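This is structure.cif (mmCIF, C-alpha atoms and all ligand atoms).
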```
data_coords
loop_
_atom_site.label_atom_id
_atom_site.label_comp_id
_atom_site.auth_asym_id
_atom_site.auth_seq_id
_atom_site.Cartn_x
_atom_site.Cartn_y
_atom_site.Cartn_z
CA MET A 134 -45.44 -12.91 23.01
CA SER A 135 -42.62 -13.94 20.74
CA LEU A 136 -42.57 -16.97 18.46
CA THR A 137 -39.02 -18.13 17.68
CA VAL A 138 -38.53 -20.85 15.09
CA VAL A 139 -35.05 -22.27 15.63
CA ASP A 140 -33.62 -22.93 12.19
CA ASN A 141 -30.06 -24.21 12.26
CA PRO A 142 -28.48 -27.22 10.59
CA ILE A 143 -28.04 -29.23 13.80
CA THR A 144 -31.66 -28.76 14.87
CA ASN A 145 -32.90 -29.50 11.36
CA HIS A 146 -30.76 -32.64 11.09
CA TYR A 147 -32.15 -34.19 14.27
CA LEU A 148 -35.68 -32.98 13.53
CA ALA A 149 -35.60 -35.01 10.30
CA ILE A 150 -34.55 -38.08 12.34
CA LEU A 151 -37.51 -37.48 14.65
CA ARG A 152 -39.88 -37.23 11.71
CA SER A 153 -38.67 -40.43 10.03
CA ARG A 154 -40.94 -43.43 10.54
CA HIS A 155 -37.79 -45.59 10.36
CA SER A 156 -36.25 -44.20 13.58
CA ASN A 157 -36.60 -46.69 16.43
CA SER A 158 -37.28 -45.58 20.03
CA GLU A 159 -33.61 -45.38 21.00
CA THR A 160 -32.73 -43.27 17.95
CA PHE A 161 -35.85 -41.20 18.50
CA ARG A 162 -35.06 -40.47 22.17
CA SER A 163 -31.51 -39.46 21.33
CA ALA A 164 -32.68 -37.12 18.53
CA ALA A 165 -35.36 -35.63 20.82
CA ARG A 166 -32.69 -34.80 23.40
CA ARG A 167 -30.50 -33.19 20.75
CA VAL A 168 -33.30 -31.06 19.31
CA ALA A 169 -34.22 -30.06 22.87
CA LEU A 170 -30.62 -28.96 23.54
CA SER A 171 -30.88 -26.47 20.63
CA LEU A 172 -34.25 -25.22 21.82
CA VAL A 173 -33.06 -24.76 25.41
CA HIS A 174 -30.11 -22.67 24.21
CA GLU A 175 -32.58 -20.38 22.44
CA ALA A 176 -35.00 -20.28 25.36
CA ALA A 177 -32.16 -19.24 27.68
CA ARG A 178 -31.82 -15.84 25.99
CA GLY A 179 -32.83 -13.17 28.47
CA LEU A 180 -32.14 -15.23 31.61
CA LEU A 181 -30.83 -12.93 34.31
CA GLU A 182 -27.05 -12.98 34.79
CA ASP A 183 -24.49 -11.67 37.29
CA ASP A 184 -20.96 -10.59 36.54
CA ILE A 185 -18.40 -12.74 38.34
CA GLU A 186 -14.65 -12.58 38.82
CA VAL A 187 -12.80 -15.46 37.17
CA GLU A 188 -9.10 -16.32 37.37
CA THR A 189 -7.82 -17.75 34.11
CA PRO A 190 -4.40 -19.46 34.26
CA LEU A 191 -2.99 -16.13 33.00
CA GLU A 192 -4.92 -13.28 34.73
CA GLY A 193 -8.15 -12.17 36.35
CA THR A 194 -11.18 -11.32 34.20
CA THR A 195 -14.94 -11.05 34.48
CA GLY A 196 -17.43 -13.71 33.42
CA LYS A 197 -21.18 -14.23 33.62
CA ARG A 198 -23.19 -16.56 35.80
CA ILE A 199 -26.90 -17.33 35.42
CA SER A 200 -28.51 -15.82 38.52
CA GLN A 201 -32.19 -16.49 37.83
CA GLY A 202 -33.82 -19.59 39.28
CA ILE A 203 -35.37 -21.87 36.67
CA VAL A 204 -38.34 -24.20 36.86
CA ALA A 205 -38.84 -26.80 34.13
CA VAL A 206 -42.33 -28.23 33.75
CA PRO A 207 -42.64 -31.17 31.38
CA VAL A 208 -46.23 -31.76 30.30
CA LEU A 209 -46.65 -35.52 30.79
CA ARG A 210 -45.83 -37.70 29.19
CA SER A 211 -44.05 -36.53 26.06
CA GLY A 212 -42.45 -33.51 27.77
CA LEU A 213 -40.24 -36.02 29.63
CA GLY A 214 -38.35 -36.51 26.37
CA MET A 215 -36.93 -32.99 26.74
CA ILE A 216 -36.13 -32.86 30.45
CA ASP A 217 -32.61 -34.34 30.17
CA ALA A 218 -31.57 -31.47 27.89
CA VAL A 219 -32.79 -28.89 30.41
CA LEU A 220 -31.03 -30.60 33.31
CA ALA A 221 -27.83 -30.97 31.27
CA LEU A 222 -27.58 -27.26 30.43
CA LEU A 223 -29.15 -25.15 33.14
CA PRO A 224 -28.09 -24.60 36.75
CA ASN A 225 -30.55 -24.20 39.66
CA VAL A 226 -33.38 -26.04 38.00
CA SER A 227 -36.32 -27.41 39.89
CA VAL A 228 -38.79 -29.63 38.09
CA GLY A 229 -42.57 -29.62 38.31
CA TYR A 230 -45.01 -31.80 36.43
CA VAL A 231 -48.41 -31.33 34.85
CA GLY A 232 -50.18 -34.46 33.65
CA VAL A 233 -52.86 -33.67 31.10
CA ALA A 234 -54.57 -36.21 28.88
CA ARG A 235 -56.61 -35.29 25.85
CA ASP A 236 -60.15 -36.69 25.99
CA GLU A 237 -60.35 -38.30 22.55
CA VAL A 238 -64.06 -37.48 22.19
CA THR A 239 -64.32 -33.94 23.53
CA ILE A 240 -60.63 -33.09 22.77
CA LYS A 241 -60.66 -31.21 26.11
CA PRO A 242 -57.63 -31.46 28.44
CA GLU A 243 -58.12 -33.57 31.58
CA GLU A 244 -55.65 -33.14 34.44
CA TYR A 245 -54.51 -36.36 36.13
CA TYR A 246 -51.42 -35.14 38.00
CA ILE A 247 -49.93 -31.84 39.12
CA LYS A 248 -46.88 -31.02 41.24
CA LEU A 249 -45.38 -27.55 40.94
CA PRO A 250 -42.62 -25.92 43.01
CA ASP A 251 -42.44 -22.25 44.02
CA MET A 252 -42.16 -20.21 40.82
CA ALA A 253 -42.03 -16.60 42.06
CA GLY A 254 -39.30 -14.64 40.25
CA LYS A 255 -38.19 -17.70 38.33
CA LYS A 256 -38.05 -18.47 34.63
CA VAL A 257 -40.54 -21.23 33.89
CA LEU A 258 -39.81 -23.46 30.90
CA VAL A 259 -42.84 -25.52 29.92
CA LEU A 260 -41.88 -28.56 27.87
CA GLU A 261 -44.59 -29.64 25.42
CA PRO A 262 -43.03 -31.20 22.31
CA MET A 263 -46.18 -31.23 20.15
CA LEU A 264 -48.21 -28.00 20.16
CA ALA A 265 -51.23 -29.40 18.29
CA THR A 266 -54.59 -27.87 19.29
CA GLY A 267 -52.84 -26.04 22.13
CA GLY A 268 -55.39 -27.32 24.66
CA SER A 269 -52.98 -29.19 26.96
CA LEU A 270 -50.33 -26.48 26.86
CA ALA A 271 -52.81 -23.65 27.47
CA TYR A 272 -54.23 -25.65 30.39
CA ALA A 273 -50.78 -26.35 31.88
CA ILE A 274 -49.80 -22.68 31.60
CA ALA A 275 -53.03 -21.61 33.33
CA ARG A 276 -52.19 -23.92 36.26
CA ILE A 277 -48.62 -22.56 36.36
CA LYS A 278 -49.97 -18.99 36.50
CA ASP A 279 -52.41 -20.02 39.28
CA ARG A 280 -49.31 -21.00 41.29
CA GLY A 281 -47.44 -17.75 40.69
CA GLY A 282 -45.53 -18.41 37.44
CA GLU A 283 -45.10 -15.16 35.48
CA ASP A 284 -42.03 -15.40 33.27
CA ILE A 285 -42.97 -18.34 31.05
CA THR A 286 -41.49 -19.80 27.87
CA ALA A 287 -43.03 -22.79 26.11
CA ILE A 288 -40.48 -25.08 24.43
CA CYS A 289 -42.00 -27.18 21.65
CA VAL A 290 -40.51 -29.36 18.92
CA ILE A 291 -43.31 -28.98 16.36
CA ALA A 292 -46.31 -26.64 16.43
CA SER A 293 -49.41 -26.34 14.28
CA PRO A 294 -50.55 -22.89 13.14
CA ALA A 295 -53.80 -23.42 15.11
CA GLY A 296 -51.86 -24.27 18.28
CA VAL A 297 -49.73 -21.14 17.98
CA ASP A 298 -52.86 -19.00 17.41
CA ARG A 299 -54.59 -20.48 20.44
CA LEU A 300 -51.62 -19.92 22.69
CA GLN A 301 -51.23 -16.34 21.48
CA GLU A 302 -54.91 -15.75 22.22
CA GLU A 303 -55.07 -17.39 25.68
CA HIS A 304 -51.57 -16.52 26.91
CA PRO A 305 -50.28 -13.51 24.98
CA ASP A 306 -47.49 -13.01 27.53
CA VAL A 307 -45.89 -16.43 26.94
CA ASP A 308 -42.95 -16.86 24.55
CA ILE A 309 -42.75 -19.92 22.29
CA VAL A 310 -39.55 -21.54 21.05
CA VAL A 311 -40.08 -24.25 18.44
CA ALA A 312 -38.10 -26.17 15.82
CA SER A 313 -40.86 -26.10 13.18
CA VAL A 314 -44.37 -24.78 12.57
CA ASP A 315 -45.92 -27.45 10.35
CA ARG A 316 -48.70 -27.25 7.75
CA ASP A 317 -51.86 -28.13 9.72
CA LEU A 318 -53.77 -30.59 11.92
CA ASP A 319 -55.56 -33.67 10.57
CA TYR A 320 -59.03 -34.92 11.58
CA ARG A 321 -57.52 -36.74 14.60
CA TYR A 322 -55.69 -33.56 15.66
CA TYR A 323 -52.29 -34.90 14.69
CA ILE A 324 -49.84 -32.36 13.33
CA ARG A 325 -49.06 -32.85 9.59
CA PRO A 326 -46.52 -33.71 8.42
CA GLY A 327 -45.43 -33.95 12.08
CA LEU A 328 -43.75 -37.00 13.53
CA GLY A 329 -46.66 -39.13 14.73
CA ASP A 330 -47.37 -39.67 18.41
CA MET A 331 -44.41 -38.25 20.37
CA GLY A 332 -45.13 -40.15 23.60
CA ASP A 333 -45.60 -43.49 21.83
CA ARG A 334 -42.41 -43.04 19.84
CA LEU A 335 -40.38 -41.96 22.88
CA PHE A 336 -41.53 -44.79 25.07
CA GLY A 337 -42.00 -47.59 22.53
CA THR A 338 -45.75 -47.87 23.00
CA VAL A 339 -46.64 -47.67 19.30
N1 LIG B 401 -49.42 -35.17 20.02
C1 LIG B 401 -48.51 -35.91 19.34
O1 LIG B 401 -47.77 -36.68 19.94
N2 LIG B 401 -48.46 -35.77 18.02
C2 LIG B 401 -49.25 -34.95 17.33
O2 LIG B 401 -49.13 -34.87 16.11
C3 LIG B 401 -50.19 -34.18 18.05
C4 LIG B 401 -50.25 -34.32 19.40
#
```
Starting from the file, give its structure as structure tokens.
Amino acid sequence: MSLTVVDNPITNHYLAILRSRHSNSETFRSAARRVALSLVHEAARGLLEDDIEVETPLEGTTGKRISQGIVAVPVLRSGLGMIDAVLALLPNVSVGYVGVARDEVTIKPEEYYIKLPDMAGKKVLVLEPMLATGGSLAYAIARIKDRGGEDITAICVIASPAGVDRLQEEHPDVDIVVASVDRDLDYRYYIRPGLGDMGDRLFGTV
């Protein structure tokens, strides 16, 4: 498994807007999309490509075309904040969904919705902005593997060290692309310093 922390000025700029308690939902959604665009560019490394003939206005040349099918799987609900970026950049994308809620007492993931397309031979991008304990993401990836997903990259905005460790332990074959690995988790399993509750901030349910 590889862990890639995307560290460039554009990603960092919009990550700071996400972290700020003063960003309203509209600002937050726009920054989430922009951070996700950076992360998707990174996650696209290694996608299979074909050579194609292209006519420029001046002469013929060769170009590249993405030839691998792609499945994006937002983990509900906060993963929805990253889906626009995937759809904006990548061709041939189908979208599946895994709905997992965290039981606040047991902290175990509880599935409430699942819909996954055929994933054989495809690159699967799992969208889970906050990799906190890793429970929901590890669960979603297990379901994706049950349905034939093999080439899997998790795209996260912020991870905790514990979440990364858990994913590496349970799914050592899965790559992670993230904008930041933060200090730790607090007693409520929020990432610190983090950005608060991603779903609430995206959808104005604070
Ligand atoms: N989910 C969030 O939205 N934020 C956290 O800090 C942890 C999990």
Using all atoms listed in the file, the shortest atom-to-atom distance to ligand LIG 401 (chain B) among A:Gly329, A:Pro294, A:Pro224, A:Gly282 belongs to A:Gly329
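Distance-wise, CA of Arg235 (chain A) and CA of Lys248 (chain A) end up 18.7 Å apart.
The interatomic distance for the pair CA of Ile274 (chain A) and CA of His146 (chain A) works out to 29.7 Å.
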Would you give me, as a Markdown table, each residue of chain A having an atom within 8 Å of an atom of ligand LIG 401 (chain B), along with its shortest atom pair and that distance in Å to one decimal, using all atoms listed in the file and sorting by chain and residue number?
```
| residue | atom | partner | partner_atom | distance |
| --- | --- | --- | --- | --- |
| A:Ser211 | CA | B:LIG401 | O1 | 7.2 |
| A:Pro262 | CA | B:LIG401 | O1 | 7.6 |
| A:Met263 | CA | B:LIG401 | N1 | 5.1 |
| A:Leu264 | CA | B:LIG401 | C4 | 6.7 |
| A:Ala265 | CA | B:LIG401 | C3 | 4.9 |
| A:Thr266 | CA | B:LIG401 | C4 | 7.8 |
| A:Leu318 | CA | B:LIG401 | O2 | 7.6 |
| A:Tyr322 | CA | B:LIG401 | C3 | 6.0 |
| A:Tyr323 | CA | B:LIG401 | O2 | 3.5 |
| A:Ile324 | CA | B:LIG401 | O2 | 3.8 |
| A:Arg325 | CA | B:LIG401 | O2 | 6.8 |
| A:Gly327 | CA | B:LIG401 | O2 | 5.5 |
| A:Leu328 | CA | B:LIG401 | O2 | 6.3 |
| A:Gly329 | CA | B:LIG401 | N2 | 5.0 |
| A:Asp330 | CA | B:LIG401 | O1 | 3.4 |
| A:Met331 | CA | B:LIG401 | O1 | 3.7 |
| A:Gly332 | CA | B:LIG401 | O1 | 5.7 |
| A:Asp333 | CA | B:LIG401 | O1 | 7.4 |
```
Counting all atoms listed in the file, which of A:Ala253, A:Leu148, A:Ile143, A:Val238 gets nearest to Val314 (chain A)?
A:Leu148
Pick from A:Leu136, A:Ile240, A:Ala205, A:Ile291: nearest to Leu258 (chain A), with all atoms listed in the file counted?
A:Ala205
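Distance check against Lys241 (chain A) using all atoms listed in the file: of A:Pro305, A:Gly267, A:Gly337, A:Gly202, the minimum falls on A:Gly267.
Between Arg334 (chain A) and the residues A:Gly214, A:Pro190, A:Gly196, A:Gly254, the shortest atom-to-atom distance, using only C-alpha atoms, involves A:Gly214.
Counting only C-alpha atoms and comparing A:Val259, A:Val226, A:Leu172, A:Ile150, the residue that lies closest to Thr137 (chain A) is A:Leu172.
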Give me the residues within 12 Å of Ala149 (chain A) as number ranges by chain, counting only C-alpha atoms and dropping any in the same chain fewer than 3 places off.
A: 142-146, 152-156, 160-161, 164-165, 167-168, 290-291, 312-313, 326-328
Identify the residues around (-41.9, -25.5, 25.2) within a radius of 7 Å, measuring from only C-alpha atoms in the coordinates stated by the file, and give them as a PyMOL selection string.
chain A and resi 258-262+286-289+309-310
For Leu170 (chain A), find every residue with an atom within 9 Å (counting all atoms listed in the file), except residues of its own chain fewer than 5 positions away, and show them as a list in words.
Thr144, Ala165, Glu175, Met215, Asp217, Ala218, Val219, Ala221 and Leu222 of chain A
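You will find CA of Asn225 (chain A) at 12.6 Å from CA of Pro250 (chain A).
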For Lys255 (chain A): contacts at 7 Å, all atoms listed in the file, fewer than 3 positions along chain excluded, given as a PyMOL selection string
chain A and resi 201-204+252+284
Taking the structure I provided as the source, export region 247-274 of chain A with N, CA, C and O atoms, as a JSON list (two decimals), in the first residue's frame.
```
[["chain", "number", "residue", "atom", "x", "y", "z"],
["A", 247, "ILE", "N", -26.37, 0.18, 0.24],
["A", 247, "ILE", "CA", -25.25, -0.21, -0.62],
["A", 247, "ILE", "C", -25.75, -0.40, -2.05],
["A", 247, "ILE", "O", -26.82, -1.01, -2.26],
["A", 248, "LYS", "N", -25.03, 0.15, -3.00],
["A", 248, "LYS", "CA", -25.35, -0.03, -4.42],
["A", 248, "LYS", "C", -24.03, 0.09, -5.16],
["A", 248, "LYS", "O", -23.43, 1.16, -5.20],
["A", 249, "LEU", "N", -23.55, -1.03, -5.69],
["A", 249, "LEU", "CA", -22.24, -1.03, -6.34],
["A", 249, "LEU", "C", -22.36, -1.61, -7.74],
["A", 249, "LEU", "O", -22.99, -2.65, -7.93],
["A", 250, "PRO", "N", -21.74, -0.95, -8.73],
["A", 250, "PRO", "CA", -21.75, -1.48, -10.10],
["A", 250, "PRO", "C", -20.69, -2.57, -10.26],
["A", 250, "PRO", "O", -19.92, -2.85, -9.32],
["A", 251, "ASP", "N", -20.60, -3.13, -11.46],
["A", 251, "ASP", "CA", -19.55, -4.11, -11.77],
["A", 251, "ASP", "C", -18.19, -3.42, -11.65],
["A", 251, "ASP", "O", -17.99, -2.31, -12.16],
["A", 252, "MET", "N", -17.25, -4.07, -10.96],
["A", 252, "MET", "CA", -15.96, -3.41, -10.72],
["A", 252, "MET", "C", -14.78, -4.19, -11.28],
["A", 252, "MET", "O", -13.64, -3.78, -11.10],
["A", 253, "ALA", "N", -15.06, -5.31, -11.97],
["A", 253, "ALA", "CA", -13.96, -6.14, -12.48],
["A", 253, "ALA", "C", -13.08, -5.34, -13.44],
["A", 253, "ALA", "O", -13.58, -4.71, -14.39],
["A", 254, "GLY", "N", -11.78, -5.36, -13.21],
["A", 254, "GLY", "CA", -10.82, -4.69, -14.10],
["A", 254, "GLY", "C", -10.80, -3.18, -13.98],
["A", 254, "GLY", "O", -10.04, -2.51, -14.69],
["A", 255, "LYS", "N", -11.63, -2.64, -13.13],
["A", 255, "LYS", "CA", -11.75, -1.18, -13.06],
["A", 255, "LYS", "C", -10.95, -0.62, -11.90],
["A", 255, "LYS", "O", -10.64, -1.32, -10.93],
["A", 256, "LYS", "N", -10.61, 0.65, -12.00],
["A", 256, "LYS", "CA", -10.01, 1.37, -10.88],
["A", 256, "LYS", "C", -11.14, 1.85, -9.99],
["A", 256, "LYS", "O", -12.10, 2.47, -10.48],
["A", 257, "VAL", "N", -11.08, 1.51, -8.71],
["A", 257, "VAL", "CA", -12.13, 1.93, -7.79],
["A", 257, "VAL", "C", -11.58, 3.04, -6.89],
["A", 257, "VAL", "O", -10.56, 2.84, -6.20],
["A", 258, "LEU", "N", -12.23, 4.19, -6.92],
["A", 258, "LEU", "CA", -11.83, 5.31, -6.08],
["A", 258, "LEU", "C", -12.87, 5.45, -4.97],
["A", 258, "LEU", "O", -14.04, 5.76, -5.23],
["A", 259, "VAL", "N", -12.46, 5.17, -3.74],
["A", 259, "VAL", "CA", -13.38, 5.26, -2.61],
["A", 259, "VAL", "C", -13.21, 6.63, -1.99],
["A", 259, "VAL", "O", -12.09, 7.03, -1.64],
["A", 260, "LEU", "N", -14.31, 7.36, -1.86],
["A", 260, "LEU", "CA", -14.24, 8.75, -1.40],
["A", 260, "LEU", "C", -14.70, 8.82, 0.06],
["A", 260, "LEU", "O", -15.89, 8.64, 0.36],
["A", 261, "GLU", "N", -13.76, 9.02, 0.95],
["A", 261, "GLU", "CA", -14.06, 9.11, 2.39],
["A", 261, "GLU", "C", -13.24, 10.27, 2.94],
["A", 261, "GLU", "O", -12.06, 10.11, 3.28],
["A", 262, "PRO", "N", -13.84, 11.48, 3.01],
["A", 262, "PRO", "CA", -13.03, 12.65, 3.34],
["A", 262, "PRO", "C", -12.30, 12.55, 4.68],
["A", 262, "PRO", "O", -11.17, 13.00, 4.79],
["A", 263, "MET", "N", -12.94, 11.99, 5.71],
["A", 263, "MET", "CA", -12.31, 11.98, 7.04],
["A", 263, "MET", "C", -11.98, 10.54, 7.42],
["A", 263, "MET", "O", -12.85, 9.75, 7.79],
["A", 264, "LEU", "N", -10.70, 10.18, 7.35],
["A", 264, "LEU", "CA", -10.25, 8.84, 7.76],
["A", 264, "LEU", "C", -9.89, 8.92, 9.24],
["A", 264, "LEU", "O", -8.77, 9.25, 9.61],
["A", 265, "ALA", "N", -10.91, 8.70, 10.10],
["A", 265, "ALA", "CA", -10.74, 8.90, 11.55],
["A", 265, "ALA", "C", -10.30, 7.58, 12.19],
["A", 265, "ALA", "O", -9.11, 7.28, 12.24],
["A", 266, "THR", "N", -11.23, 6.77, 12.66],
["A", 266, "THR", "CA", -10.84, 5.45, 13.20],
["A", 266, "THR", "C", -10.53, 4.47, 12.08],
["A", 266, "THR", "O", -9.87, 3.47, 12.30],
["A", 267, "GLY", "N", -11.06, 4.76, 10.89],
["A", 267, "GLY", "CA", -10.87, 3.86, 9.75],
["A", 267, "GLY", "C", -11.96, 2.81, 9.66],
["A", 267, "GLY", "O", -11.98, 2.03, 8.70],
["A", 268, "GLY", "N", -12.87, 2.78, 10.63],
["A", 268, "GLY", "CA", -13.90, 1.73, 10.64],
["A", 268, "GLY", "C", -14.80, 1.76, 9.42],
["A", 268, "GLY", "O", -15.02, 0.73, 8.77],
["A", 269, "SER", "N", -15.34, 2.93, 9.08],
["A", 269, "SER", "CA", -16.28, 3.02, 7.95],
["A", 269, "SER", "C", -15.57, 2.71, 6.64],
["A", 269, "SER", "O", -16.10, 1.99, 5.78],
["A", 270, "LEU", "N", -14.37, 3.26, 6.49],
["A", 270, "LEU", "CA", -13.65, 3.04, 5.22],
["A", 270, "LEU", "C", -13.25, 1.58, 5.07],
["A", 270, "LEU", "O", -13.41, 0.99, 3.99],
["A", 271, "ALA", "N", -12.74, 0.97, 6.14],
["A", 271, "ALA", "CA", -12.35, -0.44, 6.06],
["A", 271, "ALA", "C", -13.57, -1.30, 5.73],
["A", 271, "ALA", "O", -13.49, -2.24, 4.92],
["A", 272, "TYR", "N", -14.72, -0.95, 6.31],
["A", 272, "TYR", "CA", -15.96, -1.69, 6.05],
["A", 272, "TYR", "C", -16.36, -1.53, 4.58],
["A", 272, "TYR", "O", -16.67, -2.52, 3.89],
["A", 273, "ALA", "N", -16.35, -0.29, 4.09],
["A", 273, "ALA", "CA", -16.75, -0.04, 2.70],
["A", 273, "ALA", "C", -15.83, -0.78, 1.74],
["A", 273, "ALA", "O", -16.28, -1.38, 0.75],
["A", 274, "ILE", "N", -14.54, -0.79, 2.02],
["A", 274, "ILE", "CA", -13.59, -1.47, 1.12],
["A", 274, "ILE", "C", -13.83, -2.99, 1.15],
["A", 274, "ILE", "O", -13.76, -3.66, 0.11]]
```
